[in-house]
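A.B. asks: Take this structure, written in structure tokens, and hold onto it; I'll ask about it next.
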Amino acid sequence: MQFVDPALPRRLDGWRSPSLGLQMPIVTYGHAGPPVLLYPTAAADYLENERFFLVKAVEPLLFAGRLRLFSIDSINSHAWMDRSIPVPEAARRQARYSRYVEEEVVPYMRHVCGDPHARAITTGASFGAFHAANQFFRRPELFGGVIGMAGFYDLAKGYFRGFSNDDCYFNNPAWFVPNAGGRHLELLRHHSRIVIATGQGAYEVPEASQRFARLLADKGIPHWLDVWGHDVNHDWPWWRKMLPYFLGKIGF
């Protein structure tokens with residue numbers, strides 16, 4: 001089975017991350033255009049989005065040179081999705097993962113794209129939407145926007161178990177975005193593209209997206225909350241519709 005067109009430029013790469021102490025692979029699709037950073041769902045790997053045909057769904061944009069797509073591993077299996085790990089340690093690993101993306105993946109993407117100032121759009125579905133939003137809202141000087149699909153944006157209720165420290169705070173958008181200010185807030189308000197999308201069907205939690213959208217509205221941060229219908233389930237066929245649709249709508 002061909003997950004992507006054999007003619008699509010596709011490059012596998014990776015390195016041992018100084019931030020994580022792990023071998024971290026990365027795959028690039030496309031030959032030209034600005035970068036889009038794609039996160040996997042849950043505890044999946046960097047090729048999950050290819051196996052589930054999400055990359056295939058944006059092939060027309062890739063072939064047209066309208067974007068380059070980068071996909072990386074999750075470390076959720078080493079952090080939030082391993083309940084045997086104490087929350088402070090899981091939060092420490094999350095903080096290191098954020099640093100890996102900011103200090104290692106961003107320079108890599110900029111090098112590949114030949115643009116030392118490129119601000120990638122982040123995106124992902126489900127837990128991937130959390131990571132995409134966390135990364136963007138942490139460092140809008142590095143990232144130009146986010147497309148969150150069927151996501152959640154607050155780890156506190158399901159994962160922190162009442163604990164809090166700086167690693168938790170600075171990796172939980174529902175906590176740190178309300179206190180954004182200065183140049184950080186200016187970038188979010190005036191130089192970013194923000195899409196929060198959700199369905200209302202099986203296994204979707206539209207309230208999570210709606211709560212986060214209200215938080216953004218309270219901060220005066222422009223965004224597009226798009227709530228799809230009750231037939232839109234928490235599943236790949238819908239994300240394959242959402243991603244090319246929103247990429248097109250925000251200018252790719």
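Chain labels follow the order of the structure tokens: the first chain is A, the next B, and so on; residue numbering restarts at 1 in every chain, and ligands are counted from 1 in their shown order.
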Could you produce a table of the residues of stretch 44-101 of chain A lying within 7 Å of stretch 239-247 of chain A, with the nearest pair of atoms per residue and their separation in Å rounded to one decimal, using only C-alpha atoms, ordered by chain and increasing residue number, as a Markdown table?
C.D. replies:
```
| residue | atom | partner | partner_atom | distance |
| --- | --- | --- | --- | --- |
| A:Leu54 | CA | A:Arg240 | CA | 5.2 |
| A:Ala57 | CA | A:Arg240 | CA | 5.6 |
| A:Val58 | CA | A:Pro244 | CA | 5.4 |
```
A.B. asks: Kindly assemble as a Markdown table a list of the stretch 128-166 of chain A residues that lie within 12 Å of stretch 221-226 of chain A, each paired with its nearest atom pair and their distance in Å to one decimal, using only C-alpha atoms, sorted first by chain and then by ascending residue number.
C.D. replies:
```
| residue | atom | partner | partner_atom | distance |
| --- | --- | --- | --- | --- |
| A:Phe137 | CA | A:Ile221 | CA | 11.0 |
| A:Gly145 | CA | A:His223 | CA | 9.8 |
| A:Val146 | CA | A:His223 | CA | 9.7 |
| A:Ile147 | CA | A:Trp224 | CA | 9.4 |
| A:Gly148 | CA | A:Leu225 | CA | 9.7 |
| A:Met149 | CA | A:Asp226 | CA | 9.6 |
| A:Ala150 | CA | A:Asp226 | CA | 10.3 |
| A:Gly151 | CA | A:Leu225 | CA | 11.9 |
```
A.B. asks: Compile the contact shell of A:Pro34 as a list in words: residues with an atom at most 8 Å away, counting only C-alpha atoms, same-chain residues fewer than 2 positions apart removed.
C.D. replies: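 Residues meeting the cut-off are Ala32, Val36, Arg66, Leu67, Arg68, Cys113, Ala118 and Ala120 of chain A.
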A.B. asks: To one decimal place in Å, what is the distance between atom CA of A:His190 and atom CA of A:Gly128?
C.D. replies: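 Atom CA of A:His190 sits 24.7 Å away from atom CA of A:Gly128.
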A.B. asks: Enter the distance from atom CA of A:Ala91 to atom CA of A:Thr122, in Å, rounded to one decimal.
C.D. replies: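 Separation of atom CA of A:Ala91 and atom CA of A:Thr122: 20.8 Å.
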A.B. asks: I'd like to know which of A:Phe52, A:Lys157, A:Trp15, A:Pro9 is closest to A:Ala64, using only C-alpha atoms.
C.D. replies: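 Among the listed residues, A:Pro9 lies closest to A:Ala64.
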A.B. asks: If you count only C-alpha atoms, which residues fall within 12 Å of stretch 159-165 of chain A, apart from same-chain ones fewer than 6 positions away, as a list in words?
C.D. replies: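 Everything that qualifies: Asn76, Ala79, Trp80, Met81, Asp82, Arg83, Ser84, Ile85, Pro86, Val87, Pro88, Glu89, Ala90, Ala91, Arg92, Gln94, Ala95, Tyr153, Asn171, Asn172 and Trp175 of chain A.
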A.B. asks: Determine which residues of stretch 28-62 of chain A DSSP labels as strand (DSSP E) from the backbone of this structure, then write them out as a ChimeraX atom specification.
C.D. replies: /A:28-29,35-38
A.B. asks: From the DSSP assignment of the backbone, select every residue of stretch 4-86 of chain A that is helix (DSSP H, G or I), and format the answer as a list in words.
C.D. replies: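 Residues of stretch 4-86 of chain A classed as helix (DSSP H, G or I): Glu48, Asn49, Glu50, Arg51, Leu54, Val55, Lys56, Ala57, Glu59, Pro60, Leu61, Leu62, Phe63, Asn76, Ser77 and His78 of chain A.
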A.B. asks: Please compute the atom CA of A:Glu104-atom CA of A:Phe252 distance, one decimal, in Å.
C.D. replies: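 Atom CA of A:Glu104 sits 24.6 Å away from atom CA of A:Phe252.
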A.B. asks: Skip A:Arg138 itself and residues of its chain fewer than 3 positions away, then list as a PyMOL selection string all residues within 10 Å of it, counting only C-alpha atoms.
C.D. replies: chain A and resi 98+102+133-135+141-143+170-173+176-177+180+184
A.B. asks: Residues at most 7 Å from A:Phe63, counting only C-alpha atoms, excluding those fewer than 4 positions away in the same chain, as an MDAnalysis selection string?
C.D. replies: chainID A and resid 8 30 59
A.B. asks: Name the closest residue to A:Gly114 among the candidates A:Pro60, A:Gly201, A:Gly33, A:Gly229; distances are taken between atoms, counting only C-alpha atoms.
C.D. replies: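 The answer is A:Gly33, which sits nearest to A:Gly114.
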A.B. asks: Which residue, A:Ile75, A:Leu12, A:Cys168, A:Ile121, has the smallest gap to A:Val27 when you use only C-alpha atoms?
C.D. replies: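 Once distances to A:Val27 are computed over only C-alpha atoms, the minimum belongs to A:Leu12.
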A.B. asks: Between A:Ala132, A:Asp5, A:Ser19, A:His111, which one has atoms that come closest to A:Ser71, using only C-alpha atoms?
C.D. replies: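 When distances to A:Ser71 are compared using only C-alpha atoms, the smallest one comes from A:Ala132.
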